[in-house]
>>> print(open('data03.txt').read())   # compact mmCIF, C-alpha atoms
# COMPACT_ATOMS: atom_id res chain seq x y z
CA MET A 1341 -13.32 9.42 -9.70
CA THR A 1342 -16.73 9.72 -8.05
CA LEU A 1343 -16.64 9.75 -4.27
CA PRO A 1344 -18.86 7.36 -2.31
CA ASP A 1345 -21.87 8.87 -0.56
CA ALA A 1346 -21.41 10.97 2.59
CA PHE A 1347 -17.68 11.68 2.21
CA ARG A 1348 -15.83 14.95 1.71
CA LEU A 1349 -12.09 15.27 1.05
CA ALA A 1350 -9.47 18.00 0.94
CA GLY A 1351 -5.80 18.46 0.21
CA ILE A 1352 -3.81 21.65 0.79
CA ALA A 1353 -0.25 22.95 1.08
CA ALA A 1354 0.50 23.72 4.73
CA GLY A 1355 4.24 24.29 4.20
CA LEU A 1356 5.42 20.97 5.63
CA LYS A 1357 7.23 20.19 2.36
CA ARG A 1358 10.04 22.45 1.25
CA SER A 1359 8.81 21.99 -2.32
CA GLY A 1360 5.57 23.80 -1.55
CA ARG A 1361 3.52 20.85 -2.79
CA LEU A 1362 0.30 19.68 -1.16
CA ASP A 1363 1.05 18.05 2.18
CA LEU A 1364 -2.06 18.04 4.38
CA GLY A 1365 -5.07 15.87 3.59
CA LEU A 1366 -8.44 15.47 5.28
CA VAL A 1367 -11.32 12.98 5.02
CA LEU A 1368 -14.66 13.68 6.69
CA GLY A 1369 -17.69 11.44 6.94
CA ASP A 1370 -21.05 13.17 7.22
CA GLU A 1371 -22.07 10.54 9.79
CA PRO A 1372 -20.11 8.08 11.99
CA LEU A 1373 -18.01 5.68 9.91
CA THR A 1374 -17.40 1.98 10.43
CA TRP A 1375 -13.77 1.17 9.74
CA ALA A 1376 -10.93 -1.32 9.73
CA MET A 1377 -7.16 -0.96 9.76
CA VAL A 1378 -4.01 -3.01 9.24
CA SER A 1379 -0.71 -1.37 10.15
CA THR A 1380 3.05 -1.90 10.16
CA GLU A 1381 4.60 -4.84 12.02
CA ASN A 1382 7.81 -2.87 12.58
CA LEU A 1383 8.60 -2.76 16.31
CA VAL A 1384 9.34 0.95 15.90
CA LYS A 1385 5.97 2.60 15.35
CA ALA A 1386 5.03 6.25 14.99
CA PRO A 1387 2.50 7.80 17.41
CA CYS A 1388 -0.16 7.87 14.69
CA VAL A 1389 0.04 4.07 14.40
CA HIS A 1390 -0.13 3.54 18.17
CA ARG A 1391 -3.03 5.94 18.51
CA ASN A 1392 -5.03 4.44 15.64
CA ARG A 1393 -4.45 0.95 17.00
CA SER A 1394 -5.87 2.08 20.31
CA ARG A 1395 -8.91 3.50 18.53
CA LEU A 1396 -9.29 0.22 16.62
CA ALA A 1397 -9.24 -1.78 19.88
CA SER A 1398 -12.02 0.40 21.29
CA GLY A 1399 -14.40 -0.81 18.58
CA GLU A 1400 -15.87 2.66 18.19
CA SER A 1401 -16.73 4.44 14.96
CA VAL A 1402 -14.85 7.52 13.73
CA ARG A 1403 -15.74 10.59 11.71
CA ALA A 1404 -12.52 11.89 10.18
CA LEU A 1405 -8.97 11.12 9.10
CA VAL A 1406 -6.23 13.76 8.92
CA VAL A 1407 -2.98 13.01 7.06
CA ASN A 1408 0.26 14.88 6.57
CA SER A 1409 3.23 14.16 4.34
CA GLY A 1410 6.75 15.57 4.65
CA ASN A 1411 7.20 14.59 8.31
CA ALA A 1412 6.77 11.10 9.81
CA ASN A 1413 6.60 12.39 13.40
CA CYS A 1414 8.36 9.21 14.51
CA ALA A 1415 11.08 8.63 17.15
CA ASN A 1416 10.46 12.03 18.73
CA GLY A 1417 9.76 10.80 22.25
CA ASP A 1418 6.86 12.06 24.34
CA GLY A 1419 6.88 15.33 22.44
CA GLY A 1420 6.04 13.55 19.21
CA ALA A 1421 3.18 11.70 20.88
CA TRP A 1422 1.73 14.97 22.17
CA ASP A 1423 2.16 16.57 18.74
CA ASN A 1424 0.15 13.73 17.24
CA GLU A 1425 -2.56 14.14 19.85
CA ASP A 1426 -2.64 17.88 19.12
CA PHE A 1427 -2.95 17.04 15.40
CA ALA A 1428 -6.12 15.09 16.16
CA GLY A 1429 -7.42 17.71 18.59
CA LEU A 1430 -6.91 20.60 16.20
CA THR A 1431 -8.79 18.68 13.53
CA ALA A 1432 -11.67 17.73 15.81
CA SER A 1433 -12.01 21.34 16.93
CA ALA A 1434 -11.91 22.75 13.39
CA LEU A 1435 -14.56 20.23 12.30
CA HIS A 1436 -16.70 20.93 15.41
CA LEU A 1437 -16.62 17.26 16.35
CA PRO A 1438 -17.52 16.46 19.98
CA ARG A 1439 -14.60 14.11 20.65
CA VAL A 1440 -10.93 14.03 19.70
CA GLN A 1441 -11.38 10.25 19.47
CA ASP A 1442 -13.48 10.80 16.34
CA VAL A 1443 -10.31 11.66 14.39
CA LEU A 1444 -7.68 9.23 13.06
CA THR A 1445 -4.20 10.54 12.25
CA ALA A 1446 -1.53 9.52 9.74
CA SER A 1447 1.91 10.98 9.07
CA THR A 1448 4.60 10.13 6.52
CA GLY A 1449 7.99 11.58 5.63
CA VAL A 1450 11.37 11.96 7.30
CA ILE A 1451 11.82 10.11 10.62
CA GLY A 1452 13.18 11.90 13.69
CA LYS A 1453 12.13 15.51 13.11
CA ARG A 1454 9.54 17.23 15.30
CA MET A 1455 6.35 18.23 13.58
CA PRO A 1456 6.21 21.99 12.86
CA MET A 1457 3.00 22.47 14.81
CA ASP A 1458 2.70 26.17 13.95
CA LEU A 1459 2.24 25.15 10.31
CA VAL A 1460 -0.20 22.43 11.31
CA ARG A 1461 -2.28 24.85 13.40
CA ALA A 1462 -2.53 27.23 10.48
CA GLY A 1463 -3.13 24.48 7.94
CA VAL A 1464 -5.90 22.40 9.51
CA PRO A 1465 -8.59 25.13 9.32
CA LYS A 1466 -7.65 25.71 5.66
CA ALA A 1467 -8.11 22.01 4.96
CA VAL A 1468 -11.55 22.11 6.57
CA GLU A 1469 -12.51 25.06 4.36
CA ALA A 1470 -11.31 23.13 1.30
CA LEU A 1471 -13.47 20.04 1.94
CA GLN A 1472 -15.47 18.94 -1.09
CA GLY A 1473 -17.50 15.92 -2.16
CA ASP A 1474 -16.62 15.66 -5.83
CA ASP A 1475 -12.83 15.59 -6.22
CA ALA A 1476 -10.31 13.21 -4.65
CA GLU A 1477 -7.25 14.51 -6.53
CA PRO A 1478 -6.09 17.14 -3.99
CA PHE A 1479 -6.17 14.57 -1.18
CA ALA A 1480 -4.36 12.01 -3.36
CA HIS A 1481 -1.58 14.55 -4.02
CA ALA A 1482 -1.35 15.65 -0.39
CA ILE A 1483 -0.28 12.22 0.89
CA LEU A 1484 2.63 11.67 -1.55
CA THR A 1485 6.33 11.62 -0.64
CA THR A 1486 8.78 10.26 -3.25
CA ASP A 1487 5.92 9.00 -5.43
CA LEU A 1488 5.98 10.12 -9.05
CA VAL A 1489 2.23 9.70 -9.55
CA THR A 1490 -0.98 9.60 -7.54
CA LYS A 1491 -2.56 6.18 -7.03
CA MET A 1492 -6.33 5.67 -7.15
CA ALA A 1493 -8.67 2.82 -8.03
CA SER A 1494 -12.43 2.44 -7.88
CA ALA A 1495 -15.31 0.02 -8.32
CA THR A 1496 -19.10 0.31 -8.51
CA LEU A 1497 -21.30 -2.58 -7.40
CA ALA A 1498 -24.62 -3.63 -8.94
CA SER A 1499 -26.44 -1.95 -6.04
CA GLY A 1500 -24.80 1.36 -6.89
CA ALA A 1501 -22.45 1.20 -3.90
CA ARG A 1502 -19.02 2.66 -4.62
CA ILE A 1503 -15.49 1.90 -3.49
CA LEU A 1504 -12.69 4.44 -3.93
CA GLY A 1505 -9.12 3.61 -2.96
CA ILE A 1506 -6.31 6.15 -2.63
CA ALA A 1507 -2.74 5.14 -1.86
CA LYS A 1508 0.84 6.37 -1.64
CA GLY A 1509 4.06 4.39 -1.66
CA SER A 1510 7.26 4.20 -3.67
CA GLY A 1511 10.17 3.18 -1.43
CA MET A 1512 10.65 1.15 1.78
CA ILE A 1513 8.02 -1.25 0.46
CA HIS A 1514 7.97 -4.84 1.72
CA PRO A 1515 5.45 -7.36 3.12
CA ASN A 1516 4.00 -6.84 6.62
CA MET A 1517 3.15 -3.35 5.47
CA ALA A 1518 5.64 -0.86 4.13
CA THR A 1519 6.09 2.88 3.57
CA MET A 1520 2.61 3.05 2.19
CA PHE A 1521 -0.71 4.55 3.05
CA THR A 1522 -3.92 3.17 1.67
CA PHE A 1523 -7.24 4.80 2.41
CA VAL A 1524 -10.31 3.10 0.98
CA LEU A 1525 -13.68 4.86 1.17
CA THR A 1526 -16.98 3.11 0.54
CA ASP A 1527 -20.69 3.68 1.06
CA ALA A 1528 -21.38 -0.09 1.26
CA ALA A 1529 -23.21 -1.08 4.42
CA VAL A 1530 -21.03 -3.79 5.96
CA PRO A 1531 -21.01 -4.57 9.71
CA GLN A 1532 -17.81 -3.42 11.35
CA ASP A 1533 -16.81 -6.88 12.60
CA ALA A 1534 -17.29 -8.33 9.12
CA LEU A 1535 -15.37 -5.45 7.56
CA ARG A 1536 -12.41 -5.95 9.90
CA ALA A 1537 -12.21 -9.69 9.27
CA LEU A 1538 -12.44 -9.13 5.52
CA TRP A 1539 -9.85 -6.35 5.46
CA ARG A 1540 -7.17 -8.45 7.14
CA GLY A 1541 -7.45 -11.12 4.44
CA VAL A 1542 -7.54 -8.59 1.63
CA THR A 1543 -4.38 -6.84 2.82
CA ASP A 1544 -2.57 -10.17 3.25
CA ARG A 1545 -3.29 -11.06 -0.39
CA THR A 1546 -2.55 -7.63 -1.85
CA PHE A 1547 -0.52 -5.02 0.06
CA ASN A 1548 1.48 -7.69 1.90
CA GLN A 1549 2.40 -9.22 -1.46
CA ILE A 1550 4.31 -6.22 -2.83
CA THR A 1551 7.97 -5.40 -2.41
CA VAL A 1552 10.27 -2.70 -3.76
CA ASP A 1553 13.42 -2.84 -1.66
CA GLY A 1554 12.97 -5.16 1.31
CA ASP A 1555 12.52 -2.41 3.91
CA THR A 1556 9.50 -2.01 6.17
CA SER A 1557 8.83 1.38 7.70
CA THR A 1558 7.36 2.79 10.89
CA ASN A 1559 4.19 4.64 9.89
CA ASP A 1560 2.43 2.35 7.46
CA MET A 1561 -1.29 1.70 7.50
CA ALA A 1562 -4.16 0.57 5.31
CA ILE A 1563 -7.56 1.84 6.41
CA VAL A 1564 -11.05 1.26 5.00
CA LEU A 1565 -13.85 3.65 6.01
CA SER A 1566 -17.54 3.04 5.32
CA SER A 1567 -20.44 5.47 5.48
CA GLY A 1568 -22.86 2.52 5.18
CA THR A 1569 -25.50 4.32 3.11
CA ARG A 1570 -26.03 1.58 0.49
CA ARG A 1571 -26.97 -2.06 0.96
CA VAL A 1572 -24.77 -4.61 -0.77
CA ASP A 1573 -24.24 -8.31 -1.26
CA GLU A 1574 -21.28 -8.93 1.04
CA GLY A 1575 -19.74 -11.49 -1.31
CA GLN A 1576 -19.81 -9.04 -4.22
CA PHE A 1577 -18.43 -6.33 -1.98
CA ALA A 1578 -15.55 -8.57 -0.85
CA THR A 1579 -14.61 -9.32 -4.46
CA ALA A 1580 -14.72 -5.66 -5.48
CA LEU A 1581 -12.77 -4.54 -2.41
CA GLU A 1582 -9.97 -6.99 -3.19
CA GLU A 1583 -9.89 -5.89 -6.83
CA VAL A 1584 -9.46 -2.26 -5.77
CA ALA A 1585 -6.74 -3.21 -3.27
CA ALA A 1586 -4.89 -5.33 -5.84
CA ASP A 1587 -5.02 -2.49 -8.35
CA LEU A 1588 -3.51 -0.09 -5.80
CA ALA A 1589 -0.87 -2.64 -4.78
CA LYS A 1590 0.29 -2.98 -8.38
CA GLN A 1591 0.36 0.79 -8.80
CA ILE A 1592 2.62 1.07 -5.76
CA ALA A 1593 5.00 -1.58 -7.08
CA ARG A 1594 5.03 -0.03 -10.55
CA ASP A 1595 5.96 3.36 -9.05
CA GLY A 1596 8.83 1.91 -6.99
CA GLU A 1597 11.72 4.32 -6.59
CA GLY A 1598 13.82 4.25 -9.75
CA ALA A 1599 11.70 1.47 -11.25
CA THR A 1600 11.22 0.93 -14.96
CA THR A 1601 9.37 -2.38 -14.83
CA LEU A 1602 6.51 -3.94 -12.87
CA ILE A 1603 7.34 -7.55 -11.97
CA THR A 1604 4.43 -9.93 -11.48
CA VAL A 1605 5.26 -13.31 -9.95
CA ARG A 1606 2.67 -16.09 -10.20
CA VAL A 1607 3.24 -19.32 -8.32
CA SER A 1608 1.17 -22.47 -8.83
CA GLY A 1609 1.46 -26.10 -7.79
CA ALA A 1610 2.21 -25.30 -4.14
CA ARG A 1611 1.15 -27.37 -1.12
CA SER A 1612 -1.00 -24.42 0.02
CA ASP A 1613 -1.89 -20.88 -0.99
CA ASP A 1614 0.27 -19.62 1.90
CA ASP A 1615 3.28 -21.50 0.51
CA ALA A 1616 2.60 -20.10 -2.95
CA ARG A 1617 2.43 -16.53 -1.64
CA ARG A 1618 5.63 -17.03 0.36
CA ALA A 1619 7.50 -18.29 -2.71
CA ALA A 1620 6.13 -15.49 -4.87
CA ARG A 1621 7.25 -12.86 -2.32
CA ALA A 1622 10.75 -14.35 -2.24
CA VAL A 1623 11.13 -14.11 -6.01
CA ALA A 1624 9.66 -10.59 -6.24
CA GLY A 1625 11.86 -9.45 -3.35
CA SER A 1626 15.16 -10.91 -4.51
CA SER A 1627 17.65 -8.14 -5.30
CA LEU A 1628 19.33 -10.48 -7.76
CA VAL A 1629 16.08 -11.23 -9.60
CA LYS A 1630 15.18 -7.53 -9.61
CA SER A 1631 18.61 -6.62 -11.01
CA ALA A 1632 18.35 -9.32 -13.68
CA VAL A 1633 14.97 -7.97 -14.78
CA HIS A 1634 16.44 -4.48 -15.00
CA GLY A 1635 19.22 -5.86 -17.21
CA ARG A 1636 16.74 -7.99 -19.22
CA ASP A 1637 18.76 -11.06 -18.27
CA PRO A 1638 16.71 -14.32 -18.29
CA ASN A 1639 18.72 -15.74 -15.39
CA TRP A 1640 16.35 -18.45 -14.13
CA GLY A 1641 18.91 -19.66 -11.59
CA ARG A 1642 18.21 -16.62 -9.43
CA ILE A 1643 14.48 -17.38 -9.49
CA LEU A 1644 15.00 -21.02 -8.56
CA SER A 1645 17.38 -20.06 -5.76
CA ALA A 1646 14.90 -17.56 -4.33
CA VAL A 1647 12.20 -20.23 -4.20
CA GLY A 1648 14.54 -22.71 -2.57
CA SER A 1649 15.54 -20.22 0.13
CA THR A 1650 11.98 -20.14 1.51
CA GLY A 1651 11.86 -23.79 2.58
CA VAL A 1652 8.59 -24.19 0.68
CA ILE A 1653 7.97 -27.81 -0.36
CA ALA A 1654 8.40 -28.39 -4.09
CA ASP A 1655 9.23 -31.22 -6.46
CA PHE A 1656 12.42 -29.64 -7.72
CA GLY A 1657 12.80 -32.41 -10.28
CA ALA A 1658 9.62 -31.14 -11.93
CA VAL A 1659 9.57 -27.40 -11.14
CA ALA A 1660 8.91 -25.26 -14.20
CA ILE A 1661 9.81 -21.59 -14.66
CA ARG A 1662 8.47 -19.31 -17.37
CA LEU A 1663 9.62 -15.80 -18.23
CA GLN A 1664 7.20 -13.78 -20.33
CA GLY A 1665 5.54 -17.06 -21.30
CA HIS A 1666 8.80 -18.73 -22.37
CA VAL A 1667 9.80 -21.95 -20.57
CA VAL A 1668 13.36 -21.45 -19.28
CA PHE A 1669 13.59 -24.28 -16.73
CA GLU A 1670 11.75 -27.58 -16.40
CA GLY A 1671 13.22 -29.81 -13.72
CA GLU A 1672 16.66 -29.21 -15.14
CA SER A 1673 18.48 -26.79 -17.38
CA ARG A 1674 17.02 -26.73 -20.86
CA ALA A 1675 17.94 -24.95 -24.07
CA PHE A 1676 16.07 -21.76 -24.94
CA ASP A 1677 16.76 -18.73 -27.11
CA GLU A 1678 18.17 -16.25 -24.59
CA ALA A 1679 18.08 -13.37 -27.07
CA THR A 1680 14.35 -13.92 -27.71
CA VAL A 1681 13.51 -14.07 -24.01
CA SER A 1682 15.69 -11.05 -23.25
CA GLN A 1683 13.89 -9.09 -25.93
CA ALA A 1684 10.53 -10.15 -24.47
CA MET A 1685 11.69 -8.78 -21.11
CA ARG A 1686 12.16 -5.30 -22.60
CA SER A 1687 8.75 -4.33 -21.39
CA GLU A 1688 7.12 -2.24 -18.67
CA ASP A 1689 5.57 -5.49 -17.41
CA VAL A 1690 7.54 -8.70 -16.81
CA VAL A 1691 5.73 -11.85 -15.70
CA ILE A 1692 7.53 -14.69 -13.92
CA GLU A 1693 5.62 -17.96 -13.51
CA VAL A 1694 6.76 -20.79 -11.25
CA ASP A 1695 5.04 -24.19 -11.00
CA LEU A 1696 6.22 -25.98 -7.84
CA ALA A 1697 4.64 -29.31 -8.92
CA ALA A 1698 3.69 -30.15 -5.33
CA GLY A 1699 -0.02 -29.38 -4.97
CA GLU A 1700 -2.89 -27.08 -5.89
CA GLY A 1701 -1.93 -23.90 -4.03
CA THR A 1702 -1.59 -20.62 -5.94
CA GLY A 1703 -0.37 -17.15 -5.09
CA HIS A 1704 1.10 -14.01 -6.55
CA ALA A 1705 3.31 -11.08 -5.66
CA TRP A 1706 4.33 -7.83 -7.28
CA GLY A 1707 7.63 -6.00 -7.31
CA CYS A 1708 9.80 -3.89 -9.57
CA ASP A 1709 13.27 -3.87 -11.04
CA LEU A 1710 16.25 -2.47 -9.13
CA SER A 1711 18.09 0.36 -10.84
CA ALA A 1712 20.95 2.77 -10.12
CA GLU A 1713 18.28 5.47 -9.86
CA TYR A 1714 16.96 3.82 -6.69
CA VAL A 1715 20.36 4.32 -5.05
CA ARG A 1716 20.50 7.96 -6.16
CA ILE A 1717 17.01 8.76 -4.82
CA ASN A 1718 17.74 7.28 -1.40
CA ALA A 1719 21.28 8.62 -1.17
CA GLU A 1720 19.91 12.13 -1.69
CA TYR A 1721 16.63 11.72 0.24
CA ARG A 1722 17.55 14.10 3.08
CA THR A 1723 20.05 16.25 1.18
>>> encode(input="data03.txt", output="structure tokens")
Amino acid sequence: MTLPDAFRLAGIAAGLKRSGRLDLGLVLGDEPLTWAMVSTENLVKAPCVHRNRSRLASGESVRALVVNSGNANCANGDGGAWDNEDFAGLTASALHLPRVQDVLTASTGVIGKRMPMDLVRAGVPKAVEALQGDDAEPFAHAILTTDLVTKMASATLASGARILGIAKGSGMIHPNMATMFTFVLTDAAVPQDALRALWRGVTDRTFNQITVDGDTSTNDMAIVLSSGTRRVDEGQFATALEEVAADLAKQIARDGEGATTLITVRVSGARSDDDARRAARAVAGSSLVKSAVHGRDPNWGRILSAVGSTGVIADFGAVAIRLQGHVVFEGESRAFDEATVSQAMRSEDVVIEVDLAAGEGTGHAWGCDLSAEYVRINAEYRT
């Protein structure tokens, strides 16, 4: 995928992963970058999240982002905070940037282990040497943990402005951010205040509408960086940015640990869009619904129960539920061919539609089925 103007990326193996796979990524803007960030709501936050939030509050531009996988550098006390600051400082020095504040940091991996700073010190200069402006793949690989595939999406606007999104995430995925990183690069010229307001809404409608297992982690962040070299219509840019984010969100859900099926939940007829999104999240996040999808069981009772648990207003005497386009509930139990619907659910994509019959609000969420493989992956994660 073509990189936006004035960006260079790199991904190398610094030895942080025992597998020897790429584990250190770097993004550099040729000039100061406007940016926005949304991060985890978990009360336990890694130093990289705290530091980036402080940079966000300053309102200043940045020049670079350095990312490691294989070590979350979280819950390591003051030592972990200093390691994170050194991570930024080493990168600023290697890039010959005047301020350590010009560098954002991000870490993902196992919680509670100190960062092997000797490997970081040796790796950062190699990442700087590897910077290039025509290939995002090494960076996309360097940020992965339990992911099976890289996740990228792009869009080109009529003005020629480009948007490139790169993400990671497979487990501990749930609304209010999850074990995911999203880094979106663009050359669209959008004022920083406008970009930050826009990004919050985009993440609420996309990344905060995905769930794999109901767990929210400590290091999660979604960042958009703009070099601002191309003028754009801000409305067109907003639409394209959300399309890229939604594409990445679905890729994360599809690659959920042990998943075989992407679940899309569409809710209509709600009192408000917020109610619709809340109901959709509840259905996508229900372990019972996820298990039923894995077993290709058209058990609409689990869907109805998940909606009811949210407290969202609905006319339950008129609520309709569809599975793969087949009506399975309409105000009350109704006859349908379970074998036909079960067969329709034998797909890599299962769509659940719920009409709450209470208003005009709409919303969606994405999730995945729950399999025995998910348990195996997480039981063996550290062993």
>>> residues_near_point(input="data03.txt", point="(-1.4, 9.8, 16.1)", cutoff="10 Å", atoms="all atoms listed in the file", output="PDB file with C-alpha atoms, in the coordinates of the input")
ATOM      1  CA  ALA A1386       5.030   6.250  14.990  1.00  0.00           C
ATOM      2  CA  PRO A1387       2.500   7.800  17.410  1.00  0.00           C
ATOM      3  CA  CYS A1388      -0.160   7.870  14.690  1.00  0.00           C
ATOM      4  CA  VAL A1389       0.040   4.070  14.400  1.00  0.00           C
ATOM      5  CA  HIS A1390      -0.130   3.540  18.170  1.00  0.00           C
ATOM      6  CA  ARG A1391      -3.030   5.940  18.510  1.00  0.00           C
ATOM      7  CA  ASN A1392      -5.030   4.440  15.640  1.00  0.00           C
ATOM      8  CA  ARG A1393      -4.450   0.950  17.000  1.00  0.00           C
ATOM      9  CA  SER A1394      -5.870   2.080  20.310  1.00  0.00           C
ATOM     10  CA  VAL A1406      -6.230  13.760   8.920  1.00  0.00           C
ATOM     11  CA  VAL A1407      -2.980  13.010   7.060  1.00  0.00           C
ATOM     12  CA  ASN A1413       6.600  12.390  13.400  1.00  0.00           C
ATOM     13  CA  CYS A1414       8.360   9.210  14.510  1.00  0.00           C
ATOM     14  CA  GLY A1420       6.040  13.550  19.210  1.00  0.00           C
ATOM     15  CA  ALA A1421       3.180  11.700  20.880  1.00  0.00           C
ATOM     16  CA  TRP A1422       1.730  14.970  22.170  1.00  0.00           C
ATOM     17  CA  ASP A1423       2.160  16.570  18.740  1.00  0.00           C
ATOM     18  CA  ASN A1424       0.150  13.730  17.240  1.00  0.00           C
ATOM     19  CA  GLU A1425      -2.560  14.140  19.850  1.00  0.00           C
ATOM     20  CA  ASP A1426      -2.640  17.880  19.120  1.00  0.00           C
ATOM     21  CA  PHE A1427      -2.950  17.040  15.400  1.00  0.00           C
ATOM     22  CA  ALA A1428      -6.120  15.090  16.160  1.00  0.00           C
ATOM     23  CA  VAL A1443     -10.310  11.660  14.390  1.00  0.00           C
ATOM     24  CA  LEU A1444      -7.680   9.230  13.060  1.00  0.00           C
ATOM     25  CA  THR A1445      -4.200  10.540  12.250  1.00  0.00           C
ATOM     26  CA  ALA A1446      -1.530   9.520   9.740  1.00  0.00           C
ATOM     27  CA  SER A1447       1.910  10.980   9.070  1.00  0.00           C
ATOM     28  CA  ASN A1559       4.190   4.640   9.890  1.00  0.00           C
TER      29      ASN A1559
END
>>> residues_around(input="data03.txt", residues="Asp1655 in chain A", least_positions_apart="3", cutoff="8 Å", atoms="all atoms listed in the file", output="count of residues only")
5
>>> residues_around(input="data03.txt", residues="Arg1536 in chain A", least_positions_apart="4", cutoff="8 Å", atoms="all atoms listed in the file", output="mmCIF file with C-alpha atoms, in the frame of the given file")
data_model
loop_
_atom_site.group_PDB
_atom_site.id
_atom_site.type_symbol
_atom_site.label_atom_id
_atom_site.label_comp_id
_atom_site.auth_asym_id
_atom_site.auth_seq_id
_atom_site.Cartn_x
_atom_site.Cartn_y
_atom_site.Cartn_z
ATOM 1 C CA TRP A 1375 -13.770 1.170 9.740
ATOM 2 C CA ALA A 1376 -10.930 -1.320 9.730
ATOM 3 C CA MET A 1377 -7.160 -0.960 9.760
ATOM 4 C CA GLN A 1532 -17.810 -3.420 11.350
ATOM 5 C CA ARG A 1540 -7.170 -8.450 7.140
#
>>> residues_around(input="data03.txt", residues="range 1566-1572 of chain A", least_positions_apart="4", cutoff="10 Å", atoms="all atoms listed in the file", output="compact mmCIF listing (two decimals) with C-alpha atoms, keeping the file's coordinate frame")
# COMPACT_ATOMS: atom_id res chain seq x y z
CA PRO A 1344 -18.86 7.36 -2.31
CA ASP A 1345 -21.87 8.87 -0.56
CA ALA A 1346 -21.41 10.97 2.59
CA PHE A 1347 -17.68 11.68 2.21
CA GLY A 1369 -17.69 11.44 6.94
CA ASP A 1370 -21.05 13.17 7.22
CA GLU A 1371 -22.07 10.54 9.79
CA PRO A 1372 -20.11 8.08 11.99
CA LEU A 1373 -18.01 5.68 9.91
CA THR A 1374 -17.40 1.98 10.43
CA TRP A 1375 -13.77 1.17 9.74
CA ALA A 1376 -10.93 -1.32 9.73
CA SER A 1401 -16.73 4.44 14.96
CA VAL A 1402 -14.85 7.52 13.73
CA ARG A 1403 -15.74 10.59 11.71
CA LEU A 1497 -21.30 -2.58 -7.40
CA ALA A 1498 -24.62 -3.63 -8.94
CA SER A 1499 -26.44 -1.95 -6.04
CA GLY A 1500 -24.80 1.36 -6.89
CA ALA A 1501 -22.45 1.20 -3.90
CA ARG A 1502 -19.02 2.66 -4.62
CA ILE A 1503 -15.49 1.90 -3.49
CA VAL A 1524 -10.31 3.10 0.98
CA LEU A 1525 -13.68 4.86 1.17
CA THR A 1526 -16.98 3.11 0.54
CA ASP A 1527 -20.69 3.68 1.06
CA ALA A 1528 -21.38 -0.09 1.26
CA ALA A 1529 -23.21 -1.08 4.42
CA VAL A 1530 -21.03 -3.79 5.96
CA PRO A 1531 -21.01 -4.57 9.71
CA GLN A 1532 -17.81 -3.42 11.35
CA LEU A 1535 -15.37 -5.45 7.56
CA GLN A 1576 -19.81 -9.04 -4.22
CA PHE A 1577 -18.43 -6.33 -1.98
>>> closest_residue(input="data03.txt", among="A:Thr1380, A:Leu1366, A:Glu1574, A:Glu1400", to="Ala1482 in chain A", atoms="only C-alpha atoms")
A:Leu1366
>>> closest_residue(input="data03.txt", among="A:Ser1398, A:Gln1664, A:Gln1441, A:Thr1546", to="Thr1522 in chain A", atoms="only C-alpha atoms")
A:Thr1546
>>> closest_residue(input="data03.txt", among="A:Ser1682, A:Ser1359, A:Ser1433, A:Gln1549", to="Asp1637 in chain A", atoms="only C-alpha atoms")
A:Ser1682
>>> closest_residue(input="data03.txt", among="A:Ala1593, A:Ser1649, A:Thr1604, A:Ala1632", to="Arg1618 in chain A", atoms="only C-alpha atoms")
A:Ser1649
>>> closest_residue(input="data03.txt", among="A:Ser1645, A:Thr1558, A:Thr1485, A:Asn1408", to="Val1629 in chain A", atoms="only C-alpha atoms")
A:Ser1645
